[in-house]
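Undergrad: Sharing protein01.txt, compact mmCIF, C-alpha atoms:
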# COMPACT_ATOMS: atom_id res chain seq x y z
CA MET A 1381 23.44 -14.69 39.86
CA PRO A 1382 20.94 -13.55 37.21
CA SER A 1383 22.23 -11.05 34.68
CA ASP A 1384 20.82 -7.54 34.52
CA GLN A 1385 18.75 -8.49 31.49
CA GLN A 1386 17.38 -11.61 33.20
CA ALA A 1387 16.43 -9.56 36.24
CA ARG A 1388 14.75 -6.97 34.03
CA ALA A 1389 12.80 -9.69 32.23
CA GLN A 1390 11.42 -10.87 35.56
CA ALA A 1391 10.79 -7.47 37.10
CA ALA A 1392 9.08 -6.01 34.03
CA ALA A 1393 6.58 -8.85 33.57
CA ILE A 1394 3.23 -7.43 32.52
CA THR A 1395 0.40 -8.04 34.98
CA PRO A 1396 -2.42 -9.76 33.05
CA GLY A 1397 -5.94 -8.61 33.70
CA ARG A 1398 -4.82 -5.38 35.32
CA ARG A 1399 -6.89 -2.67 33.74
CA SER A 1400 -6.03 0.95 34.45
CA ALA A 1401 -8.65 3.59 35.02
CA GLU A 1402 -7.11 5.42 32.05
CA VAL A 1403 -8.38 2.86 29.57
CA ASP A 1404 -11.51 4.86 28.77
CA ALA A 1405 -9.65 8.15 28.59
CA GLY A 1406 -8.02 9.51 25.48
CA SER A 1407 -7.83 12.46 23.14
CA PRO A 1408 -10.90 13.40 21.10
CA ALA A 1409 -9.28 12.00 17.96
CA GLU A 1410 -8.64 8.69 19.72
CA ARG A 1411 -12.24 8.55 20.89
CA VAL A 1412 -13.42 9.08 17.32
CA ARG A 1413 -11.05 6.37 16.05
CA ALA A 1414 -12.50 4.03 18.67
CA LEU A 1415 -15.89 4.36 16.96
CA PHE A 1416 -14.33 2.96 13.79
CA GLY A 1417 -12.28 0.20 15.45
CA GLY A 1418 -13.08 -3.36 14.42
CA HIS A 1419 -15.08 -2.31 11.34
CA ARG A 1420 -13.94 -3.09 7.81
CA LEU A 1421 -14.56 0.03 5.77
CA SER A 1422 -14.62 0.54 2.03
CA PRO A 1423 -12.24 3.09 0.49
CA GLY A 1424 -15.06 5.65 0.35
CA GLN A 1425 -16.00 4.98 3.96
CA ARG A 1426 -12.36 5.37 5.01
CA ARG A 1427 -12.39 8.82 3.38
CA ILE A 1428 -15.41 9.77 5.47
CA ALA A 1429 -13.78 8.42 8.63
CA GLN A 1430 -10.52 10.27 7.98
CA PHE A 1431 -12.41 13.51 7.33
CA LEU A 1432 -14.24 13.13 10.64
CA ILE A 1433 -10.94 12.58 12.46
CA ASP A 1434 -9.15 15.47 10.75
CA HIS A 1435 -12.01 17.99 10.99
CA LEU A 1436 -13.86 16.78 14.07
CA THR A 1437 -14.92 20.12 15.57
CA GLU A 1438 -16.47 21.18 12.26
CA ALA A 1439 -17.64 17.84 10.88
CA ALA A 1440 -19.65 16.86 13.95
CA PHE A 1441 -22.09 19.70 13.23
CA LEU A 1442 -22.46 19.31 9.46
CA SER A 1443 -25.66 18.11 7.85
CA ILE A 1444 -25.54 14.91 5.83
CA THR A 1445 -25.61 17.00 2.65
CA GLU A 1446 -22.73 19.20 3.80
CA LEU A 1447 -20.63 16.24 4.91
CA ALA A 1448 -21.18 14.37 1.65
CA GLU A 1449 -20.16 17.45 -0.34
CA ARG A 1450 -17.06 18.08 1.78
CA VAL A 1451 -15.84 14.48 1.47
CA GLY A 1452 -16.90 14.07 -2.16
CA VAL A 1453 -19.28 11.13 -1.69
CA SER A 1454 -23.01 10.63 -2.03
CA GLN A 1455 -25.52 11.09 0.80
CA PRO A 1456 -26.44 7.37 0.70
CA SER A 1457 -22.74 6.60 1.17
CA VAL A 1458 -22.74 8.61 4.41
CA THR A 1459 -25.88 6.79 5.56
CA ARG A 1460 -24.31 3.39 4.80
CA PHE A 1461 -21.14 4.46 6.61
CA ALA A 1462 -23.11 5.28 9.76
CA ALA A 1463 -25.00 1.99 9.52
CA SER A 1464 -21.76 0.03 9.11
CA LEU A 1465 -20.63 1.42 12.48
CA GLY A 1466 -23.84 0.21 14.14
CA PHE A 1467 -25.76 3.51 14.18
CA SER A 1468 -29.37 3.81 13.09
CA GLY A 1469 -28.38 6.55 10.68
CA TYR A 1470 -26.25 9.64 10.24
CA PRO A 1471 -28.13 11.70 12.86
CA ALA A 1472 -27.27 9.09 15.51
CA LEU A 1473 -23.61 9.12 14.48
CA ARG A 1474 -23.53 12.92 14.58
CA GLU A 1475 -25.11 12.84 18.03
CA ALA A 1476 -22.29 10.57 19.21
CA LEU A 1477 -19.64 12.82 17.66
CA GLN A 1478 -20.84 16.15 19.00
CA PRO A 1479 -19.89 15.67 22.69
CA ILE A 1480 -16.44 14.54 21.59
CA ALA A 1481 -16.10 17.62 19.37
CA LEU A 1482 -17.20 19.90 22.20
CA SER A 1483 -14.62 18.34 24.52
CA ALA A 1484 -11.98 19.00 21.87
CA VAL A 1485 -12.98 22.66 21.73
CA ALA A 1486 -13.00 22.92 25.51
CA GLY A 1487 -9.55 21.36 25.76
CA ALA A 1488 -7.95 23.46 23.02
CA PRO A 1489 -5.36 26.05 24.05
CA ASP A 1490 -6.36 29.70 24.01
CA GLU A 1491 -5.96 31.42 20.68
CA GLY A 1492 -2.48 32.78 20.30
CA GLU A 1493 -1.05 30.53 22.99
CA GLU A 1494 2.26 29.05 21.84
CA ARG A 1495 4.76 26.71 23.33
CA ASP A 1496 8.17 28.13 23.95
CA GLY A 1497 11.09 26.43 22.30
CA ASN A 1498 12.82 25.85 19.02
CA GLU A 1499 12.10 23.37 16.24
CA LEU A 1500 13.99 20.55 17.93
CA GLN A 1501 12.09 21.07 21.16
CA SER A 1502 8.84 21.06 19.20
CA ALA A 1503 9.82 17.70 17.72
CA VAL A 1504 10.40 16.36 21.23
CA ASP A 1505 7.02 17.78 22.34
CA ALA A 1506 5.32 15.93 19.47
CA GLU A 1507 6.94 12.67 20.51
CA ILE A 1508 5.89 13.23 24.12
CA GLU A 1509 2.30 13.53 22.86
CA ASN A 1510 2.70 10.29 20.90
CA LEU A 1511 3.99 8.52 23.99
CA ALA A 1512 1.18 9.96 26.12
CA ALA A 1513 -1.37 8.59 23.64
CA LEU A 1514 0.35 5.22 23.72
CA ARG A 1515 0.31 5.22 27.51
CA ARG A 1516 -3.47 5.56 27.40
CA VAL A 1517 -3.69 2.64 24.99
CA PHE A 1518 -1.55 0.54 27.33
CA ALA A 1519 -3.98 1.17 30.18
CA ASP A 1520 -5.41 -2.19 29.12
CA PRO A 1521 -2.44 -4.50 28.35
CA GLY A 1522 -4.64 -7.37 27.19
CA ALA A 1523 -4.01 -6.99 23.46
CA ILE A 1524 -0.24 -6.82 23.90
CA LEU A 1525 -0.27 -9.91 26.14
CA ASP A 1526 -2.45 -11.89 23.74
CA VAL A 1527 -0.35 -11.12 20.67
CA GLY A 1528 2.92 -11.59 22.55
CA ARG A 1529 1.74 -15.06 23.53
CA GLU A 1530 0.94 -15.90 19.90
CA LEU A 1531 4.28 -14.57 18.63
CA ALA A 1532 6.11 -16.63 21.26
CA ARG A 1533 4.31 -19.77 20.08
CA SER A 1534 5.04 -19.18 16.40
CA VAL A 1535 8.16 -21.18 15.52
CA PRO A 1536 9.56 -19.82 13.30
CA LEU A 1537 8.50 -16.23 13.85
CA THR A 1538 8.77 -13.97 10.80
CA VAL A 1539 9.48 -10.25 11.29
CA LEU A 1540 8.81 -7.97 8.32
CA GLY A 1541 10.03 -4.45 7.65
CA LEU A 1542 10.60 -2.90 4.24
CA ARG A 1543 12.27 0.36 3.24
CA ILE A 1544 12.44 2.75 6.21
CA SER A 1545 10.78 0.17 8.49
CA VAL A 1546 13.80 -2.13 8.19
CA ALA A 1547 15.43 -0.60 11.27
CA LEU A 1548 12.45 -1.37 13.52
CA ALA A 1549 12.24 -4.93 12.21
CA GLU A 1550 15.96 -5.49 12.74
CA TYR A 1551 15.81 -4.13 16.29
CA PHE A 1552 12.88 -6.38 17.19
CA ALA A 1553 14.45 -9.45 15.62
CA TYR A 1554 17.82 -8.85 17.30
CA ALA A 1555 16.19 -8.77 20.72
CA ALA A 1556 13.65 -11.51 20.01
CA ARG A 1557 16.41 -13.97 19.13
CA ARG A 1558 17.55 -13.79 22.76
CA ILE A 1559 14.27 -15.32 23.95
CA HIS A 1560 12.87 -17.13 20.86
CA PRO A 1561 14.44 -20.13 19.13
CA ASP A 1562 13.79 -19.18 15.49
CA VAL A 1563 13.30 -15.59 14.33
CA ARG A 1564 13.48 -14.79 10.62
CA VAL A 1565 13.68 -11.26 9.22
CA VAL A 1566 12.25 -10.21 5.86
CA THR A 1567 13.57 -6.85 4.64
CA ARG A 1568 13.11 -7.28 0.88
CA GLY A 1569 9.85 -7.46 -1.01
CA GLY A 1570 8.86 -9.34 -4.14
CA SER A 1571 9.63 -12.98 -4.71
CA VAL A 1572 12.31 -12.99 -1.98
CA ALA A 1573 9.66 -12.14 0.60
CA TYR A 1574 7.21 -14.68 -0.82
CA ASP A 1575 9.82 -17.44 -0.61
CA ALA A 1576 10.59 -16.55 3.02
CA LEU A 1577 6.91 -16.58 3.96
CA LEU A 1578 6.25 -19.93 2.32
CA GLN A 1579 9.31 -21.47 3.98
CA ALA A 1580 8.25 -20.13 7.38
CA ARG A 1581 4.76 -21.54 6.97
CA GLU A 1582 6.05 -24.93 5.83
CA ALA A 1583 8.37 -24.99 8.86
CA GLY A 1584 5.42 -24.55 11.20
CA GLY A 1585 5.27 -20.78 11.63
CA SER A 1586 1.89 -19.20 12.25
CA TRP A 1587 2.50 -15.44 12.65
CA VAL A 1588 4.23 -12.52 10.95
CA LEU A 1589 5.04 -9.34 12.87
CA ALA A 1590 5.14 -6.46 10.39
CA PHE A 1591 6.30 -2.87 10.78
CA ALA A 1592 4.87 -0.24 8.42
CA MET A 1593 5.96 3.35 8.90
CA PRO A 1594 5.38 6.22 6.47
CA ARG A 1595 5.79 6.46 3.58
CA HIS A 1596 3.83 3.25 3.29
CA ALA A 1597 5.04 1.06 0.46
CA ASN A 1598 2.87 -0.81 -2.01
CA GLU A 1599 5.23 -3.75 -1.63
CA THR A 1600 4.45 -3.93 2.10
CA LEU A 1601 0.75 -4.36 1.29
CA ALA A 1602 1.61 -7.02 -1.29
CA VAL A 1603 3.71 -8.97 1.23
CA LEU A 1604 0.98 -8.80 3.90
CA ARG A 1605 -1.52 -10.18 1.41
CA ALA A 1606 0.94 -12.92 0.46
CA ALA A 1607 1.38 -13.81 4.13
CA ARG A 1608 -2.35 -14.18 4.63
CA SER A 1609 -2.72 -16.24 1.45
CA ALA A 1610 0.04 -18.52 2.76
CA GLY A 1611 -1.98 -19.14 5.93
CA LEU A 1612 0.00 -16.85 8.24
CA ARG A 1613 -1.62 -14.41 10.64
CA VAL A 1614 -0.36 -10.82 10.75
CA ALA A 1615 0.36 -8.50 13.67
CA LEU A 1616 1.02 -4.95 12.46
CA VAL A 1617 2.84 -2.06 14.15
CA THR A 1618 2.03 1.13 12.26
CA ASP A 1619 1.03 4.76 12.59
CA LEU A 1620 -2.23 4.06 10.76
CA THR A 1621 -5.70 3.51 12.15
CA LEU A 1622 -7.48 2.89 8.86
CA GLY A 1623 -6.56 1.75 5.39
CA PRO A 1624 -5.63 -1.31 3.34
CA LEU A 1625 -2.59 -2.24 5.48
CA VAL A 1626 -4.76 -2.30 8.60
CA ASP A 1627 -7.40 -4.32 6.77
CA GLU A 1628 -4.86 -7.08 6.08
CA ALA A 1629 -3.80 -7.44 9.74
CA ASP A 1630 -5.25 -9.70 12.42
CA ALA A 1631 -3.94 -7.44 15.19
CA VAL A 1632 -2.92 -3.79 14.91
CA PHE A 1633 -0.88 -1.62 17.28
CA THR A 1634 -1.10 2.02 16.29
CA ALA A 1635 1.72 4.30 17.42
CA GLY A 1636 2.23 7.83 16.21
CA THR A 1637 5.45 8.88 14.53
CA GLY A 1638 7.27 12.17 15.02
CA SER A 1639 6.97 14.20 11.83
CA ARG A 1640 8.32 17.63 12.82
CA LEU A 1641 11.78 17.08 11.30
CA VAL A 1642 12.88 16.20 7.77
CA PHE A 1643 12.80 12.47 8.67
CA ASP A 1644 10.32 10.85 11.03
CA SER A 1645 11.24 9.67 14.52
CA TYR A 1646 9.86 6.51 16.11
CA ALA A 1647 9.73 6.81 19.89
CA ALA A 1648 6.23 5.30 20.24
CA PRO A 1649 6.72 2.44 17.75
CA GLY A 1650 9.94 1.60 19.58
CA VAL A 1651 8.06 1.32 22.87
CA VAL A 1652 5.42 -0.91 21.21
CA SER A 1653 8.26 -3.17 20.02
CA ALA A 1654 9.73 -3.39 23.52
CA ALA A 1655 6.27 -4.10 24.97
CA LEU A 1656 5.70 -6.97 22.53
CA LEU A 1657 9.12 -8.39 23.42
CA GLN A 1658 8.20 -8.21 27.11
CA ALA A 1659 4.91 -9.98 26.40
CA MET A 1660 6.78 -12.71 24.52
CA ALA A 1661 9.13 -13.11 27.47
CA ASP A 1662 6.16 -13.32 29.84
CA ALA A 1663 4.48 -15.96 27.70
CA ASP A 1664 7.21 -18.54 28.34
CA PRO A 1665 9.28 -17.40 31.34
CA GLU A 1666 11.17 -20.69 31.66
CA ARG A 1667 12.32 -20.58 28.05
CA THR A 1668 13.13 -16.89 28.42
CA GLN A 1669 15.35 -17.40 31.46
CA THR A 1670 17.08 -20.46 29.96
CA ARG A 1671 17.91 -18.68 26.72
CA LEU A 1672 19.07 -15.50 28.47
CA GLU A 1673 21.31 -17.54 30.75
CA LYS A 1674 22.89 -19.34 27.78
CA TYR A 1675 23.43 -16.03 26.04
CA GLU A 1676 25.12 -14.52 29.07
CA GLN A 1677 27.43 -17.51 29.27
CA ALA A 1678 28.38 -17.08 25.61
CA ALA A 1679 28.84 -13.35 26.04
CA GLU A 1680 31.18 -13.87 28.96
CA GLN A 1681 33.10 -16.66 27.24
CA HIS A 1682 33.70 -14.63 24.06
CA ASP A 1683 34.03 -11.23 25.77
CA PHE A 1684 31.24 -9.57 23.77
CA PHE A 1685 30.88 -6.45 25.88
CA LEU A 1686 32.87 -3.76 27.64
CA ASP A 1687 32.86 -3.70 31.42
CA ASP A 1688 30.85 -0.50 31.92
Mind turning the file's structure into structure tokens?
TA:
Amino acid sequence: MPSDQQARAQAAAITPGRRSAEVDAGSPAERVRALFGGHRLSPGQRRIAQFLIDHLTEAAFLSITELAERVGVSQPSVTRFAASLGFSGYPALREALQPIALSAVAGAPDEGEERDGNELQSAVDAEIENLAALRRVFADPGAILDVGRELARSVPLTVLGLRISVALAEYFAYAARRIHPDVRVVTRGGSVAYDALLQAREAGGSWVLAFAMPRHANETLAVLRAARSAGLRVALVTDLTLGPLVDEADAVFTAGTGSRLVFDSYAAPGVVSAALLQAMADADPERTQTRLEKYEQAAEQHDFFLDD
């Protein structure tokens, strides 16, 4: 009889090609980020993009002179930014932003309206919003399925997480070892990380799955660059939409972190991790079932778990 985990692996298989009607929905900020998706931006252009995201309802109605002054860049820089996104100029970009800004104003709570609850409940509310945003992203599971397939094929598979991101990397690697024959975890930067990347590439590995949560470490960026220089492709799970870490990745899964308490919480990144594991399991169901069966046999033989 299949174990509970084997049954879950089968029942939770992601349906490829199934596209939810929610795929085109999203918060105003997400819709603005979608305008920037797939474009490599210079540091100055990233500053403009971040300003537009952070101050959408105001920025969408600024003149090019006002926007340049607010961001601290030149007017030609704003024009080049708009052109890099495929617009004929800044007026066309502003025209695209204004309906999104108006929808943000229309959807804002009435002035003075507050949610009931204490600080802990507010932290939970923030995580619920992060998960709701992620649910909209998952309306189209294609990206998760594609990357899961590539991670399943990469033998060995390297999983990277430095500093506070170690916990996410360890969780993913622990689970991935149940369904993948060779998973290697890198939790230290510098030459130790470089050695691990080179060894993985020489052994036939093709992908690195990296986790980068705030505060984002310079050493994480250095390791991602080393991975790419070694010929490895990078899938990144992060809270970022723009920036140098994103620029170094071949695939990016953005998931918000909870920042209402003294230390961040990671409900949405945890769900992204579980979704990638499911996609890996789906990519090679025969290998998945065989490995899970062997694990269950070992667990029973050595009495790993309590009988709950």
Undergrad: Got a sec: who's within 10 Å of Asp1526 in chain A, counting only C-alpha atoms, leaving out chain neighbours fewer than 3 positions off, as a PyMOL selection string?
TA: chain A and resi 1396+1521-1523+1529-1531+1631+1656+1659-1660+1663
Undergrad: Which residue, A:Val1566, A:Ala1393, A:Val1504, A:Ala1462, has the smallest gap to Leu1641 in chain A when you use all atoms listed in the file?
TA: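 Using all atoms listed in the file, the shortest distance to Leu1641 in chain A belongs to A:Val1504.
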Undergrad: Mind checking which residues fall within 12 Å of Leu1447 in chain A, counting all atoms listed in the file, ignoring those fewer than 4 positions away in the same chain, and posting them as a PyMOL selection string?
TA: chain A and resi 1427-1429+1431-1432+1435-1436+1438-1443+1451-1459+1461+1470-1471+1474
Undergrad: Quick one: residues within 12 Å of Leu1620 in chain A, all atoms listed in the file, excluding same-chain residues fewer than 5 positions away - as an NGL selection string?
TA: :A and (1410 or 1413 or 1417 or 1426 or 1430 or 1591-1596 or 1625-1627 or 1629 or 1632-1637 or 1649)
Undergrad: Report, in Å to a single decimal, how far apart CA of His1419 in chain A and CA of Val1485 in chain A are.
TA: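 Calculated distance between CA of Val1485 in chain A and CA of His1419 in chain A is 27.1 Å.
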Undergrad: Point out the residue among A:Thr1395, A:Phe1685, A:Ala1583, A:Glu1673 with the least atom-to-atom distance to Leu1525 in chain A, counting all atoms listed in the file.
TA: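 Under the stated criterion, the closest residue is A:Thr1395.
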Undergrad: List every protein, DNA or RNA residue that has at least one atom no more than 12 Å from (8.9, -3.8, 1.4) in the file's coordinates, counting all atoms listed in the file, and write the result as a PDB file with C-alpha atoms, in the frame of the given file.
TA:
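And here's point_17.pdb as it stands now:
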ATOM      1  CA  VAL A1539       9.480 -10.250  11.290  1.00  0.00           C
ATOM      2  CA  LEU A1540       8.810  -7.970   8.320  1.00  0.00           C
ATOM      3  CA  GLY A1541      10.030  -4.450   7.650  1.00  0.00           C
ATOM      4  CA  LEU A1542      10.600  -2.900   4.240  1.00  0.00           C
ATOM      5  CA  ARG A1543      12.270   0.360   3.240  1.00  0.00           C
ATOM      6  CA  ILE A1544      12.440   2.750   6.210  1.00  0.00           C
ATOM      7  CA  SER A1545      10.780   0.170   8.490  1.00  0.00           C
ATOM      8  CA  VAL A1546      13.800  -2.130   8.190  1.00  0.00           C
ATOM      9  CA  ALA A1549      12.240  -4.930  12.210  1.00  0.00           C
ATOM     10  CA  VAL A1565      13.680 -11.260   9.220  1.00  0.00           C
ATOM     11  CA  VAL A1566      12.250 -10.210   5.860  1.00  0.00           C
ATOM     12  CA  THR A1567      13.570  -6.850   4.640  1.00  0.00           C
ATOM     13  CA  ARG A1568      13.110  -7.280   0.880  1.00  0.00           C
ATOM     14  CA  GLY A1569       9.850  -7.460  -1.010  1.00  0.00           C
ATOM     15  CA  GLY A1570       8.860  -9.340  -4.140  1.00  0.00           C
ATOM     16  CA  SER A1571       9.630 -12.980  -4.710  1.00  0.00           C
ATOM     17  CA  VAL A1572      12.310 -12.990  -1.980  1.00  0.00           C
ATOM     18  CA  ALA A1573       9.660 -12.140   0.600  1.00  0.00           C
ATOM     19  CA  TYR A1574       7.210 -14.680  -0.820  1.00  0.00           C
ATOM     20  CA  ALA A1590       5.140  -6.460  10.390  1.00  0.00           C
ATOM     21  CA  PHE A1591       6.300  -2.870  10.780  1.00  0.00           C
ATOM     22  CA  ALA A1592       4.870  -0.240   8.420  1.00  0.00           C
ATOM     23  CA  MET A1593       5.960   3.350   8.900  1.00  0.00           C
ATOM     24  CA  PRO A1594       5.380   6.220   6.470  1.00  0.00           C
ATOM     25  CA  ARG A1595       5.790   6.460   3.580  1.00  0.00           C
ATOM     26  CA  HIS A1596       3.830   3.250   3.290  1.00  0.00           C
ATOM     27  CA  ALA A1597       5.040   1.060   0.460  1.00  0.00           C
ATOM     28  CA  ASN A1598       2.870  -0.810  -2.010  1.00  0.00           C
ATOM     29  CA  GLU A1599       5.230  -3.750  -1.630  1.00  0.00           C
ATOM     30  CA  THR A1600       4.450  -3.930   2.100  1.00  0.00           C
ATOM     31  CA  LEU A1601       0.750  -4.360   1.290  1.00  0.00           C
ATOM     32  CA  ALA A1602       1.610  -7.020  -1.290  1.00  0.00           C
ATOM     33  CA  VAL A1603       3.710  -8.970   1.230  1.00  0.00           C
ATOM     34  CA  LEU A1604       0.980  -8.800   3.900  1.00  0.00           C
TER      35      LEU A1604
END
Undergrad: Under the rule that all atoms listed in the file are counted, which of A:Val1563, A:Ala1661, A:Ile1444, A:Ala1503 is the nearest residue to Tyr1551 in chain A?
TA: A:Val1563
Undergrad: Have a look at A:Asp1434, A:Ala1512, A:Arg1671, A:Val1651 and name the one nearest to Asp1562 in chain A; count only C-alpha atoms.
TA: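 Smallest distance to Asp1562 in chain A is found for A:Arg1671.
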Undergrad: What does the distance from CA of Val1652 in chain A to CA of Thr1621 in chain A come to in Å, to one decimal?
TA: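 Computed distance, CA of Val1652 in chain A to CA of Thr1621 in chain A, equals 15.0 Å.
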Undergrad: Contacts of Ala1513 in chain A at 10 Å or less, counting all atoms listed in the file, minus same-chain residues fewer than 2 places along, as a list in words?
TA: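 Selected residues are Ala1405, Gly1406, Ser1407, Glu1410, Glu1507, Ile1508, Glu1509, Asn1510, Leu1511, Arg1515, Arg1516, Val1517, Phe1518, Thr1634, Ala1635, Gly1636 and Ala1648 of chain A.
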